[in-house]
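Novice: So here's entry.txt, just compact mmCIF, C-alpha atoms:
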```txt
# COMPACT_ATOMS: atom_id res chain seq x y z
CA MET N 52 -14.54 -243.59 -158.46
CA VAL N 53 -16.93 -240.91 -157.12
CA ARG N 54 -20.54 -241.85 -156.97
CA PRO N 55 -23.12 -239.08 -157.09
CA ILE N 56 -25.62 -238.99 -154.30
CA SER N 57 -28.95 -240.01 -155.55
CA ALA N 58 -31.86 -237.65 -155.09
CA GLY N 59 -33.77 -240.12 -153.02
CA ALA N 60 -30.98 -240.86 -150.59
CA ALA N 61 -31.78 -239.72 -147.12
CA VAL N 62 -29.45 -237.19 -145.64
CA GLU N 63 -28.96 -237.56 -141.94
CA GLN N 64 -29.65 -234.33 -140.14
CA ARG N 65 -28.24 -233.78 -136.71
CA PRO N 66 -29.51 -230.89 -134.61
CA LEU N 67 -26.88 -228.66 -133.21
CA GLY N 68 -26.52 -229.17 -129.53
CA SER N 69 -28.00 -226.27 -127.62
CA GLY N 70 -25.78 -226.49 -124.63
CA GLY N 71 -23.82 -229.68 -124.28
CA GLU N 72 -21.68 -229.65 -127.45
CA ASN N 73 -20.07 -226.25 -127.44
CA LEU N 74 -17.57 -225.54 -130.17
CA LYS N 75 -14.04 -225.55 -128.90
CA ARG N 76 -11.96 -222.66 -130.00
CA THR N 77 -8.26 -222.24 -129.67
CA PRO N 78 -7.49 -219.09 -127.71
CA LYS N 79 -6.45 -216.33 -130.05
CA ALA N 80 -3.14 -215.83 -128.37
CA GLY N 81 -2.55 -219.49 -127.61
CA LYS N 82 0.80 -220.21 -126.12
CA GLU N 83 2.83 -218.40 -128.76
CA PRO N 84 5.72 -216.34 -127.52
CA TYR N 85 5.11 -212.66 -127.49
CA SER N 86 5.72 -210.97 -130.82
CA GLU N 87 4.09 -208.29 -132.89
CA GLN N 88 2.79 -210.96 -135.29
CA ALA N 89 1.29 -213.00 -132.46
CA LEU N 90 -0.28 -209.87 -131.01
CA ALA N 91 -1.74 -208.98 -134.41
CA ARG N 92 -3.19 -212.47 -134.80
CA ALA N 93 -4.66 -212.33 -131.32
CA GLN N 94 -6.31 -209.01 -132.09
CA ALA N 95 -7.55 -210.07 -135.54
CA PRO N 96 -11.26 -210.96 -135.66
CA GLU N 97 -11.86 -214.66 -135.61
CA VAL N 98 -14.06 -216.09 -138.35
CA GLU N 99 -16.91 -218.07 -136.94
CA PRO N 100 -16.75 -221.55 -138.47
CA VAL N 101 -20.43 -222.28 -138.02
CA VAL N 102 -23.32 -219.87 -138.05
CA VAL N 103 -26.13 -221.15 -135.91
CA ALA N 104 -29.51 -219.54 -136.34
CA THR N 105 -30.99 -218.95 -132.97
CA ALA N 106 -34.17 -217.36 -131.86
CA PRO N 107 -33.75 -213.70 -131.05
CA PRO N 108 -33.23 -213.18 -127.34
CA LYS N 109 -36.26 -212.13 -125.48
CA ALA N 110 -36.33 -208.52 -124.63
CA ALA N 111 -35.43 -208.01 -121.05
CA ALA N 112 -38.39 -207.02 -119.00
CA LYS N 113 -38.32 -203.31 -118.47
CA PRO N 114 -38.13 -202.36 -114.85
CA PRO N 115 -41.23 -200.56 -113.65
CA ALA N 116 -41.04 -196.85 -114.13
CA PRO N 117 -39.81 -195.25 -110.94
CA VAL N 118 -42.55 -193.64 -109.00
CA GLU N 119 -41.89 -189.99 -108.62
CA ALA N 120 -41.58 -189.20 -104.98
CA ARG N 121 -43.92 -186.41 -104.21
CA PRO N 122 -43.94 -184.75 -100.86
CA GLU N 123 -47.15 -185.30 -99.10
CA GLY N 124 -49.30 -182.30 -99.21
CA ARG N 125 -49.07 -180.38 -96.08
CA PRO N 126 -52.34 -180.11 -94.33
CA GLU N 127 -53.75 -176.63 -94.40
CA ALA N 128 -53.65 -174.75 -91.16
CA ASP N 129 -56.81 -175.41 -89.25
CA THR N 130 -58.39 -172.02 -88.85
CA ARG N 131 -61.61 -173.40 -87.45
CA THR N 132 -61.31 -172.06 -83.95
CA ALA N 133 -64.82 -173.17 -83.03
CA GLU N 134 -63.36 -176.38 -81.61
CA GLY N 135 -60.43 -174.69 -79.90
CA ALA N 136 -58.03 -175.94 -82.58
CA PRO N 137 -54.42 -174.76 -82.67
CA GLY N 138 -54.17 -171.49 -84.50
CA GLY N 139 -51.92 -168.56 -85.22
CA GLU N 140 -51.59 -165.24 -83.51
CA ASP N 141 -54.06 -163.47 -85.76
CA ILE N 142 -57.63 -164.13 -84.65
CA GLY N 143 -59.08 -161.18 -86.55
CA TRP N 144 -60.53 -159.62 -83.41
CA ILE N 145 -63.58 -157.39 -83.35
CA TRP N 146 -64.89 -155.18 -80.56
CA PRO N 147 -67.23 -157.08 -78.23
CA ALA N 148 -69.45 -154.07 -77.59
CA SER N 149 -70.15 -150.72 -79.20
CA GLY N 150 -70.09 -148.54 -76.08
CA LYS N 151 -67.50 -146.02 -74.96
CA LEU N 152 -64.18 -147.15 -73.52
CA ILE N 153 -64.15 -146.23 -69.83
CA GLY N 154 -61.35 -148.37 -68.45
CA THR N 155 -57.98 -149.46 -69.87
CA PHE N 156 -55.54 -152.28 -69.20
CA SER N 157 -52.79 -151.85 -66.64
CA GLU N 158 -50.10 -154.25 -65.44
CA GLY N 159 -50.93 -155.38 -61.92
CA GLY N 160 -54.23 -153.51 -62.04
CA ASN N 161 -57.08 -153.78 -64.52
CA LYS N 162 -56.66 -157.07 -66.39
CA GLY N 163 -58.70 -155.90 -69.35
CA ILE N 164 -60.77 -153.00 -70.61
CA ASP N 165 -64.20 -151.71 -69.61
CA ILE N 166 -66.85 -150.62 -72.10
CA ASN N 167 -69.99 -148.84 -70.93
CA GLY N 168 -73.49 -149.19 -72.30
CA LYS N 169 -77.08 -149.75 -71.42
CA ALA N 170 -78.51 -152.80 -69.74
CA GLY N 171 -79.37 -155.34 -72.40
CA ASP N 172 -76.86 -154.07 -74.99
CA ALA N 173 -75.41 -156.87 -77.09
CA VAL N 174 -72.15 -158.51 -76.05
CA LEU N 175 -70.48 -160.11 -79.05
CA ALA N 176 -67.83 -162.82 -79.36
CA ALA N 177 -64.62 -161.02 -80.33
CA GLY N 178 -63.57 -164.09 -82.34
CA GLY N 179 -64.82 -167.52 -83.22
CA GLY N 180 -64.28 -170.26 -80.68
CA LYS N 181 -65.79 -172.50 -78.07
CA VAL N 182 -67.44 -171.53 -74.80
CA VAL N 183 -65.40 -173.10 -72.01
CA TYR N 184 -67.07 -171.33 -69.09
CA SER N 185 -70.48 -169.80 -68.45
CA GLY N 186 -71.48 -168.97 -64.89
CA THR N 187 -71.00 -166.88 -61.77
CA GLY N 188 -68.30 -168.86 -59.98
CA LEU N 189 -65.54 -166.23 -60.22
CA ARG N 190 -65.80 -163.47 -57.68
CA GLY N 191 -65.72 -159.95 -59.05
CA TYR N 192 -66.84 -160.96 -62.58
CA GLY N 193 -70.58 -161.44 -62.11
CA LYS N 194 -72.17 -163.43 -64.90
CA LEU N 195 -69.14 -164.43 -66.94
CA VAL N 196 -68.53 -166.04 -70.31
CA ILE N 197 -65.11 -167.35 -71.38
CA VAL N 198 -64.44 -168.31 -75.00
CA LYS N 199 -61.44 -170.35 -76.09
CA HIS N 200 -60.30 -169.32 -79.58
CA ASN N 201 -57.33 -171.66 -79.95
CA ASN N 202 -54.58 -173.12 -77.79
CA THR N 203 -53.17 -169.64 -77.30
CA TYR N 204 -56.03 -167.22 -76.71
CA LEU N 205 -59.04 -166.94 -74.42
CA THR N 206 -61.43 -164.02 -74.04
CA ALA N 207 -63.56 -163.18 -71.00
CA TYR N 208 -66.81 -161.19 -70.92
CA ALA N 209 -67.92 -160.13 -67.42
CA HIS N 210 -70.79 -158.38 -65.56
CA ASN N 211 -73.44 -159.57 -68.00
CA GLN N 212 -77.13 -159.19 -67.28
CA SER N 213 -77.88 -162.47 -69.04
CA VAL N 214 -75.84 -165.15 -70.78
CA LEU N 215 -77.06 -166.60 -74.08
CA VAL N 216 -74.61 -169.47 -74.57
CA LYS N 217 -73.71 -172.68 -72.76
CA GLU N 218 -70.43 -174.38 -72.00
CA GLY N 219 -69.22 -176.49 -74.90
CA GLN N 220 -71.12 -174.42 -77.45
CA SER N 221 -69.30 -173.21 -80.56
CA VAL N 222 -69.66 -169.55 -81.38
CA SER N 223 -68.72 -167.48 -84.39
CA LYS N 224 -67.06 -164.10 -84.47
CA GLY N 225 -69.65 -161.38 -83.93
CA GLN N 226 -72.25 -163.73 -82.47
CA LYS N 227 -74.29 -162.32 -79.61
CA ILE N 228 -73.31 -164.33 -76.55
CA ALA N 229 -74.65 -162.18 -73.70
CA GLU N 230 -76.43 -158.95 -72.74
CA MET N 231 -74.62 -156.19 -70.94
CA GLY N 232 -75.42 -155.71 -67.26
CA ASN N 233 -73.96 -154.76 -63.89
CA THR N 234 -73.72 -158.07 -62.02
CA ASP N 235 -70.97 -157.75 -59.41
CA ALA N 236 -70.20 -154.23 -60.68
CA ASP N 237 -71.03 -150.66 -59.67
CA GLN N 238 -72.44 -149.74 -63.10
CA VAL N 239 -73.61 -151.26 -66.37
CA LYS N 240 -70.52 -152.18 -68.34
CA LEU N 241 -68.69 -154.97 -70.09
CA HIS N 242 -65.37 -155.97 -68.63
CA PHE N 243 -63.42 -157.62 -71.48
CA GLU N 244 -60.15 -159.52 -71.22
CA ILE N 245 -57.84 -161.21 -73.70
CA ARG N 246 -55.57 -163.86 -72.21
CA ARG N 247 -52.58 -165.24 -74.06
CA GLN N 248 -51.33 -168.56 -72.65
CA GLY N 249 -53.42 -167.74 -69.59
CA LYS N 250 -51.79 -164.36 -69.02
CA PRO N 251 -53.82 -161.14 -69.43
CA VAL N 252 -52.65 -158.91 -72.27
CA ASP N 253 -53.76 -155.44 -73.35
CA PRO N 254 -56.84 -155.87 -75.57
CA LEU N 255 -56.20 -152.51 -77.24
CA LYS N 256 -53.07 -154.00 -78.84
CA HIS N 257 -55.22 -156.63 -80.52
CA LEU N 258 -58.54 -154.97 -81.24
CA PRO N 259 -58.89 -152.85 -84.39
CA GLN N 260 -58.81 -149.09 -84.01
CA ARG N 261 -62.13 -147.35 -84.03
```
Now that the file is in, can you turn its structure into structure tokens?

Specialist:
Amino acid sequence: MVRPISAGAAVEQRPLGSGGENLKRTPKAGKEPYSEQALARAQAPEVEPVVVATAPPKAAAKPPAPVEARPEGRPEADTRTAEGAPGGEDIGWIWPASGKLIGTFSEGGNKGIDINGKAGDAVLAAGGGKVVYSGTGLRGYGKLVIVKHNNTYLTAYAHNQSVLVKEGQSVSKGQKIAEMGNTDADQVKLHFEIRRQGKPVDPLKHLPQR
């Protein structure tokens, strides 16, 4: 005789084990001998006997977005030659004096060019740089100024009547650095040299045409 369950009867509820009581399932293929029917049964989808409601899996943490590798900006070429910084070949030379050219460069002879003028005429820096020498210690040059433009070029200004700059002073292109004279020379003139890596080169190949 079947007795109906009364409405007030307590129904025992057992939570599904989360990890310890896993449902055992018979392998699809089992140990059946190979046959087309056994293969079909093994490939057939298995009906889940129990559907367990579980919380949706937490979304996997997204890996941080890759940082785009950007090449470091190349530092701009330092064109400030006032500190004798490394620089290119092009200094943007200007003529150091406005007088007439009276002497030219020659290998083994004149190490620069000579420009005539009147005593007191302005002697200008042919390019920006730093004064590395100012004095009379070099025989045959009189009152001399040497300006370092970068690690490649130096310029020399000789026979000055007076020198207006000091060693270590920064000068700009076109700045008046001395006054033309005839110290240690037979006439008033500016002897001008350009030296590349310490070697005299022809200034006329660097100065603009005039």

Novice: When distances are computed from all atoms listed in the file, which of N:Gln248, N:Ser185, N:Gln212, N:Thr206 shows the smallest separation from Ile145 in chain N?

Specialist: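 Once distances to Ile145 in chain N are computed over all atoms listed in the file, the minimum belongs to N:Thr206.
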
Novice: Kindly give the distance, in Å, that separates CA of Ser221 in chain N and CA of Asn161 in chain N, rounded to a single decimal.

Specialist: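 Atom-to-atom, CA of Ser221 in chain N and CA of Asn161 in chain N are spaced 28.0 Å apart.
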
Novice: Please, what distance in Å, to one decimal, runs between CA of Leu258 in chain N and CA of Trp146 in chain N?

Specialist: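 A separation of 6.4 Å between them.
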
Novice: Please compute the CA of Val174 in chain N-CA of Glu158 in chain N distance, one decimal, in Å.

Specialist: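 CA of Glu158 in chain N lies 24.8 Å from CA of Val174 in chain N.
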
Novice: Looking at only C-alpha atoms, which of N:Gln226, N:Thr187, N:Asn202, N:Thr155 is the one that sits closest to Ala173 in chain N?

Specialist: N:Gln226

Novice: Extract, using only C-alpha atoms, all DNA, RNA and protein residues at most 8 Å from Asn167 in chain N, discarding same-chain residues fewer than 6 positions from it, and format them as a PyMOL selection string.

Specialist: chain N and resi 150-153+239-241

Novice: Counting all atoms listed in the file, what is within 10 Å of Phe156 in chain N, bar same-chain residues fewer than 5 positions away, as a ChimeraX atom specification?

Specialist: /N:161-165,243-244,251-255

Novice: Measuring between all atoms listed in the file, which one of N:Gly143, N:Gly249, N:Gly154, N:Gly219 shows the shortest distance to Lys181 in chain N?

Specialist: N:Gly219

Novice: Fewer than 3 positions away in the same chain doesn't count, so skip those; otherwise give me all residues within 8 Å of Ala236 in chain N, counting only C-alpha atoms, as an NGL selection string.

Specialist: :N and (191-193 or 210 or 233 or 239-240)

Novice: Need the shell around Val196 in chain N: protein/DNA/RNA residues with any atom at most 9 Å away, counting all atoms listed in the file. Skip same-chain ones fewer than 3 positions apart. Format as a PDB file with C-alpha atoms, in the coordinates of the input?

Specialist:
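So result_25.pdb came out as:
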```pdb
ATOM      1  CA  VAL N 182     -67.440-171.530 -74.800  1.00  0.00           C
ATOM      2  CA  VAL N 183     -65.400-173.100 -72.010  1.00  0.00           C
ATOM      3  CA  TYR N 184     -67.070-171.330 -69.090  1.00  0.00           C
ATOM      4  CA  SER N 185     -70.480-169.800 -68.450  1.00  0.00           C
ATOM      5  CA  GLY N 186     -71.480-168.970 -64.890  1.00  0.00           C
ATOM      6  CA  THR N 187     -71.000-166.880 -61.770  1.00  0.00           C
ATOM      7  CA  THR N 206     -61.430-164.020 -74.040  1.00  0.00           C
ATOM      8  CA  ALA N 207     -63.560-163.180 -71.000  1.00  0.00           C
ATOM      9  CA  TYR N 208     -66.810-161.190 -70.920  1.00  0.00           C
ATOM     10  CA  ALA N 209     -67.920-160.130 -67.420  1.00  0.00           C
ATOM     11  CA  ASN N 211     -73.440-159.570 -68.000  1.00  0.00           C
ATOM     12  CA  VAL N 214     -75.840-165.150 -70.780  1.00  0.00           C
ATOM     13  CA  VAL N 216     -74.610-169.470 -74.570  1.00  0.00           C
ATOM     14  CA  LYS N 217     -73.710-172.680 -72.760  1.00  0.00           C
ATOM     15  CA  GLU N 218     -70.430-174.380 -72.000  1.00  0.00           C
ATOM     16  CA  ILE N 228     -73.310-164.330 -76.550  1.00  0.00           C
ATOM     17  CA  ALA N 229     -74.650-162.180 -73.700  1.00  0.00           C
TER      18      ALA N 229
END
```

Novice: So, with only C-alpha atoms as the atoms that count, which of N:Ala170, N:Leu205, N:Leu215, N:Met231 lies closest to Arg246 in chain N?

Specialist: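 Nearest to Arg246 in chain N: N:Leu205.
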